[in-house]
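Asker: Okay, so here is structure03.pdb, and as you'll see once you scroll down, it has PDB, C-alpha atoms, pLDDT in the B column.
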```pdb
ATOM      1  CA  MET A   1      97.270  61.311 143.699  1.00 41.00           C
ATOM      2  CA  SER A   2      96.070  61.067 140.105  1.00 42.00           C
ATOM      3  CA  THR A   3      94.803  57.857 138.617  1.00 43.00           C
ATOM      4  CA  THR A   4      96.203  56.285 135.477  1.00 43.00           C
ATOM      5  CA  SER A   5      93.185  57.338 133.409  1.00 45.00           C
ATOM      6  CA  GLU A   6      93.553  60.967 134.549  1.00 43.00           C
ATOM      7  CA  ARG A   7      97.204  60.986 133.526  1.00 41.00           C
ATOM      8  CA  PHE A   8      96.339  59.535 130.102  1.00 43.00           C
ATOM      9  CA  GLU A   9      93.584  62.092 129.641  1.00 47.00           C
ATOM     10  CA  LEU A  10      96.046  64.854 130.506  1.00 43.00           C
ATOM     11  CA  GLY A  11      98.510  63.310 128.047  1.00 48.00           C
ATOM     12  CA  ASP A  12      95.827  63.318 125.371  1.00 68.00           C
ATOM     13  CA  ARG A  13      95.148  66.999 126.056  1.00 78.00           C
ATOM     14  CA  THR A  14      98.848  67.703 125.814  1.00 90.00           C
ATOM     15  CA  ALA A  15      99.048  65.790 122.511  1.00 91.00           C
ATOM     16  CA  ALA A  16      96.006  67.680 121.217  1.00 92.00           C
ATOM     17  CA  HIS A  17      97.542  70.997 122.245  1.00 93.00           C
ATOM     18  CA  ARG A  18     100.831  70.087 120.565  1.00 94.00           C
ATOM     19  CA  ALA A  19      99.078  69.106 117.318  1.00 95.00           C
ATOM     20  CA  ALA A  20      96.976  72.292 117.373  1.00 95.00           C
ATOM     21  CA  LEU A  21     100.101  74.375 117.934  1.00 96.00           C
ATOM     22  CA  TRP A  22     101.814  72.737 114.959  1.00 97.00           C
ATOM     23  CA  SER A  23      98.679  73.395 112.912  1.00 97.00           C
ATOM     24  CA  ALA A  24      98.944  77.092 113.734  1.00 97.00           C
ATOM     25  CA  ILE A  25     102.652  77.088 112.835  1.00 97.00           C
ATOM     26  CA  TYR A  26     101.942  75.430 109.478  1.00 97.00           C
ATOM     27  CA  THR A  27      99.141  77.940 108.844  1.00 96.00           C
ATOM     28  CA  ALA A  28     101.491  80.874 109.381  1.00 96.00           C
ATOM     29  CA  ALA A  29     104.184  79.230 107.239  1.00 95.00           C
ATOM     30  CA  GLY A  30     101.663  78.465 104.476  1.00 94.00           C
ATOM     31  CA  LEU A  31     100.341  82.006 104.416  1.00 94.00           C
ATOM     32  CA  LEU A  32     103.875  83.426 104.377  1.00 93.00           C
ATOM     33  CA  ALA A  33     104.827  81.028 101.570  1.00 91.00           C
ATOM     34  CA  GLY A  34     101.857  82.219  99.526  1.00 90.00           C
ATOM     35  CA  LEU A  35     102.800  85.831 100.116  1.00 89.00           C
ATOM     36  CA  GLY A  36     106.435  85.110  99.275  1.00 85.00           C
ATOM     37  CA  TYR A  37     105.439  83.349  96.055  1.00 85.00           C
ATOM     38  CA  ARG A  38     103.279  86.277  95.022  1.00 85.00           C
ATOM     39  CA  GLU A  39     105.975  88.836  95.724  1.00 82.00           C
ATOM     40  CA  LEU A  40     108.828  86.826  94.158  1.00 79.00           C
ATOM     41  CA  THR A  41     106.917  86.123  90.947  1.00 79.00           C
ATOM     42  CA  ARG A  42     105.248  89.518  90.568  1.00 78.00           C
ATOM     43  CA  ASN A  43     107.922  90.883  88.221  1.00 74.00           C
ATOM     44  CA  ALA A  44     109.474  87.583  87.151  1.00 68.00           C
ATOM     45  CA  SER A  45     108.964  86.018  83.751  1.00 65.00           C
ATOM     46  CA  ALA A  46     108.886  82.526  85.293  1.00 63.00           C
ATOM     47  CA  SER A  47     105.821  81.126  87.042  1.00 68.00           C
ATOM     48  CA  GLY A  48     107.603  79.888  90.145  1.00 66.00           C
ATOM     49  CA  GLY A  49     107.026  76.146  89.608  1.00 80.00           C
ATOM     50  CA  GLN A  50     107.537  74.556  93.013  1.00 83.00           C
ATOM     51  CA  LEU A  51     107.022  77.872  94.781  1.00 83.00           C
ATOM     52  CA  ALA A  52     103.483  77.960  93.413  1.00 83.00           C
ATOM     53  CA  ILE A  53     102.480  74.776  95.250  1.00 87.00           C
ATOM     54  CA  MET A  54     104.538  75.229  98.408  1.00 90.00           C
ATOM     55  CA  HIS A  55     101.832  77.116 100.306  1.00 90.00           C
ATOM     56  CA  THR A  56      99.164  74.538  99.438  1.00 93.00           C
ATOM     57  CA  HIS A  57     101.441  71.761 100.672  1.00 94.00           C
ATOM     58  CA  LEU A  58     101.954  73.601 103.963  1.00 95.00           C
ATOM     59  CA  LEU A  59      98.261  74.323 104.405  1.00 95.00           C
ATOM     60  CA  THR A  60      97.090  70.829 103.452  1.00 95.00           C
ATOM     61  CA  LEU A  61      99.816  68.562 104.825  1.00 95.00           C
ATOM     62  CA  GLY A  62     100.496  70.840 107.776  1.00 95.00           C
ATOM     63  CA  THR A  63      97.407  72.728 108.870  1.00 97.00           C
ATOM     64  CA  VAL A  64      94.638  70.338 107.818  1.00 97.00           C
ATOM     65  CA  MET A  65      96.438  67.155 108.851  1.00 97.00           C
ATOM     66  CA  MET A  66      97.366  68.534 112.271  1.00 97.00           C
ATOM     67  CA  LEU A  67      93.767  69.698 112.819  1.00 97.00           C
ATOM     68  CA  VAL A  68      92.593  66.162 112.012  1.00 96.00           C
ATOM     69  CA  VAL A  69      95.180  64.760 114.432  1.00 96.00           C
ATOM     70  CA  THR A  70      94.030  67.255 117.088  1.00 95.00           C
ATOM     71  CA  ILE A  71      90.449  66.034 116.766  1.00 93.00           C
ATOM     72  CA  LEU A  72      91.380  62.340 116.739  1.00 93.00           C
ATOM     73  CA  VAL A  73      93.701  62.677 119.748  1.00 93.00           C
ATOM     74  CA  THR A  74      90.883  64.414 121.615  1.00 90.00           C
ATOM     75  CA  ILE A  75      88.308  61.724 120.797  1.00 89.00           C
ATOM     76  CA  PHE A  76      90.460  58.581 120.947  1.00 89.00           C
ATOM     77  CA  PRO A  77      93.417  57.646 123.151  1.00 88.00           C
ATOM     78  CA  LEU A  78      95.669  57.907 120.119  1.00 90.00           C
ATOM     79  CA  ALA A  79      98.649  59.393 121.981  1.00 91.00           C
ATOM     80  CA  ARG A  80      98.830  56.272 124.167  1.00 91.00           C
ATOM     81  CA  GLN A  81      99.636  54.114 121.164  1.00 93.00           C
ATOM     82  CA  ARG A  82     103.230  52.998 120.774  1.00 95.00           C
ATOM     83  CA  THR A  83     103.534  54.334 117.202  1.00 96.00           C
ATOM     84  CA  TYR A  84     101.998  57.771 117.832  1.00 95.00           C
ATOM     85  CA  ARG A  85     105.163  59.594 118.909  1.00 95.00           C
ATOM     86  CA  PRO A  86     107.269  58.137 116.053  1.00 96.00           C
ATOM     87  CA  PHE A  87     104.467  59.188 113.663  1.00 97.00           C
ATOM     88  CA  PHE A  88     104.406  62.729 115.017  1.00 96.00           C
ATOM     89  CA  ILE A  89     108.169  63.201 114.726  1.00 96.00           C
ATOM     90  CA  THR A  90     108.517  61.441 111.368  1.00 97.00           C
ATOM     91  CA  TYR A  91     105.601  63.355 109.877  1.00 97.00           C
ATOM     92  CA  HIS A  92     107.056  66.761 110.714  1.00 97.00           C
ATOM     93  CA  ILE A  93     110.482  65.764 109.406  1.00 97.00           C
ATOM     94  CA  GLY A  94     108.871  64.641 106.144  1.00 97.00           C
ATOM     95  CA  VAL A  95     106.738  67.753 105.691  1.00 97.00           C
ATOM     96  CA  ILE A  96     109.561  70.135 106.560  1.00 96.00           C
ATOM     97  CA  LEU A  97     111.988  68.296 104.272  1.00 96.00           C
ATOM     98  CA  THR A  98     109.503  68.226 101.388  1.00 95.00           C
ATOM     99  CA  VAL A  99     108.510  71.884 101.709  1.00 95.00           C
ATOM    100  CA  GLY A 100     112.103  72.959 102.289  1.00 95.00           C
ATOM    101  CA  MET A 101     113.140  71.291  99.050  1.00 94.00           C
ATOM    102  CA  GLN A 102     110.183  72.900  97.273  1.00 92.00           C
ATOM    103  CA  ALA A 103     111.487  76.279  98.430  1.00 91.00           C
ATOM    104  CA  VAL A 104     115.045  75.555  97.274  1.00 92.00           C
ATOM    105  CA  ILE A 105     113.997  74.066  93.934  1.00 90.00           C
ATOM    106  CA  GLY A 106     111.397  76.794  93.352  1.00 87.00           C
ATOM    107  CA  TYR A 107     113.855  79.580  94.040  1.00 86.00           C
ATOM    108  CA  ARG A 108     116.369  77.952  91.697  1.00 86.00           C
ATOM    109  CA  GLU A 109     113.682  77.640  88.997  1.00 82.00           C
ATOM    110  CA  LEU A 110     112.827  81.296  89.439  1.00 82.00           C
ATOM    111  CA  ASN A 111     116.471  82.239  88.905  1.00 79.00           C
ATOM    112  CA  GLY A 112     116.833  80.018  85.841  1.00 80.00           C
ATOM    113  CA  ALA A 113     119.072  77.375  87.415  1.00 81.00           C
ATOM    114  CA  ALA A 114     119.198  73.912  85.851  1.00 82.00           C
ATOM    115  CA  ASP A 115     117.232  71.028  87.321  1.00 85.00           C
ATOM    116  CA  SER A 116     119.125  69.182  90.061  1.00 88.00           C
ATOM    117  CA  ALA A 117     118.734  65.429  90.399  1.00 89.00           C
ATOM    118  CA  MET A 118     120.192  65.613  93.904  1.00 92.00           C
ATOM    119  CA  LEU A 119     117.607  68.148  95.106  1.00 91.00           C
ATOM    120  CA  ASN A 120     114.812  66.204  93.443  1.00 90.00           C
ATOM    121  CA  GLY A 121     116.059  63.081  95.218  1.00 92.00           C
ATOM    122  CA  ILE A 122     116.057  64.831  98.587  1.00 92.00           C
ATOM    123  CA  ALA A 123     112.498  66.048  97.924  1.00 91.00           C
ATOM    124  CA  GLY A 124     111.596  62.451  97.100  1.00 93.00           C
ATOM    125  CA  LEU A 125     113.017  61.351 100.453  1.00 96.00           C
ATOM    126  CA  GLY A 126     110.714  63.885 102.092  1.00 95.00           C
ATOM    127  CA  HIS A 127     107.730  62.294 100.355  1.00 96.00           C
ATOM    128  CA  ILE A 128     108.898  58.819 101.382  1.00 97.00           C
ATOM    129  CA  THR A 129     109.222  60.025 104.984  1.00 97.00           C
ATOM    130  CA  ILE A 130     105.649  61.362 104.909  1.00 97.00           C
ATOM    131  CA  THR A 131     104.478  57.996 103.551  1.00 97.00           C
ATOM    132  CA  ALA A 132     106.252  56.170 106.390  1.00 98.00           C
ATOM    133  CA  ALA A 133     104.636  58.581 108.857  1.00 98.00           C
ATOM    134  CA  PHE A 134     101.181  57.797 107.457  1.00 97.00           C
ATOM    135  CA  VAL A 135     101.850  54.083 107.993  1.00 98.00           C
ATOM    136  CA  LEU A 136     102.808  54.824 111.614  1.00 98.00           C
ATOM    137  CA  PHE A 137      99.708  57.006 111.978  1.00 97.00           C
ATOM    138  CA  PHE A 138      97.351  54.235 110.910  1.00 97.00           C
ATOM    139  CA  LEU A 139      99.226  51.749 113.082  1.00 96.00           C
ATOM    140  CA  ALA A 140      98.371  54.054 116.003  1.00 95.00           C
ATOM    141  CA  LEU A 141      94.863  55.031 114.910  1.00 94.00           C
ATOM    142  CA  LEU A 142      93.314  51.657 114.115  1.00 93.00           C
ATOM    143  CA  PRO A 143      94.097  49.993 117.478  1.00 92.00           C
ATOM    144  CA  ALA A 144      93.008  53.149 119.316  1.00 90.00           C
ATOM    145  CA  ILE A 145      89.620  52.986 117.613  1.00 89.00           C
ATOM    146  CA  ARG A 146      89.213  49.209 117.767  1.00 85.00           C
ATOM    147  CA  THR A 147      90.390  48.253 121.233  1.00 73.00           C
ATOM    148  CA  GLN A 148      89.912  51.236 123.505  1.00 63.00           C
ATOM    149  CA  ALA A 149      87.057  53.447 124.527  1.00 57.00           C
ATOM    150  CA  PRO A 150      87.212  57.082 123.427  1.00 53.00           C
ATOM    151  CA  ALA A 151      89.128  59.386 125.759  1.00 54.00           C
ATOM    152  CA  VAL A 152      86.199  61.802 125.585  1.00 59.00           C
ATOM    153  CA  ALA A 153      82.605  60.725 125.158  1.00 59.00           C
ATOM    154  CA  PRO A 154      80.953  62.143 122.003  1.00 59.00           C
ATOM    155  CA  ALA A 155      78.437  64.091 124.130  1.00 59.00           C
ATOM    156  CA  GLN A 156      81.315  65.883 125.897  1.00 60.00           C
ATOM    157  CA  VAL A 157      82.913  66.914 122.593  1.00 57.00           C
ATOM    158  CA  ALA A 158      79.732  68.697 121.480  1.00 57.00           C
ATOM    159  CA  SER A 159      79.497  70.828 124.615  1.00 54.00           C
TER     160      SER A 159
END
```
What does this structure look like when you write it as structure tokens?

Answerer:
Amino acid sequence: MSTTSERFELGDRTAAHRAALWSAIYTAAGLLAGLGYRELTRNASASGGQLAIMHTHLLTLGTVMMLVVTILVTIFPLARQRTYRPFFITYHIGVILTVGMQAVIGYRELNGAADSAMLNGIAGLGHITITAAFVLFFLALLPAIRTQAPAVAPAQVAS
């Protein structure tokens, strides 16, 4: 029979694996977005606007952030915190909504469509969702650092 600490450690590994998997997904999406931007704007007179920054948003907000989460979940018992799961779900909704709206707005810009207040508002909701997720993240991170021992000792991480 496993002890409580073994189950939490396994949960932390699962959370780390999940964050690393999402990082890989965001990497692929970011690279594809960069390729798509390059191909769509190659012969276009427009610069692509939102399409130009879509891949950097995916790589930074997706890949880099999920790699940071992977490391922190491995070192600290972050996944045990009450606000970790809501953070994880809310964050992905926010990033996907923001980047999805960048794709829609960017494609419309490329085709000469007028600016849409509705689409800009939806993109703004994506940014607000990411902000709420960051609040949840720090509400999970700070207690994990302050009140609990690391899930993995620093010497174990190095080996």

Asker: Quick one: pull the distance between atom CA of A:Met65 and atom CA of A:Gly34, Å, one decimal.

Answerer: 18.5 Å

Asker: Using the chain letters and numbering of this document, enumerate as JSON, numbers by chain the residues selected by the PyMOL selection byres ((chain A and resi 38-44) around 12).

Answerer: {"A": [31, 32, 33, 34, 35, 36, 37, 45, 46, 47, 48, 49, 50, 51, 52, 53, 54, 55, 103, 106, 107, 108, 109, 110, 111, 112]}

Asker: With the PyMOL selection byres ((chain A and resi 122) around 12) as the selection, what would be picked from this file? Answer as a PyMOL selection string, please.

Answerer: chain A and resi 94+96-102+104-105+116-121+123-129

Asker: What does the structure give for the distance between atom CA of A:Val95 and atom CA of A:Ile145, in Å to one decimal?

Answerer: 25.6 Å

Asker: So what do you get for atom CA of A:Val68 versus atom CA of A:Leu136, distance-wise?

Answerer: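 According to the coordinates, atom CA of A:Val68 and atom CA of A:Leu136 are separated by 15.3 Å.
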
Asker: I need the residue set behind the PyMOL selection byres ((chain A and resi 137) around 12) for this file; please write it as a PyMOL selection string.

Answerer: chain A and resi 65-66+68-69+72-73+78-79+81-91+130-136+138-144

Asker: Smallest atom-to-atom distance to A:Ala28: which of A:His57, A:Ala114, A:Ala15, A:Thr63, using all atoms listed in the file?

Answerer: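 When distances to A:Ala28 are compared using all atoms listed in the file, the smallest one comes from A:Thr63.
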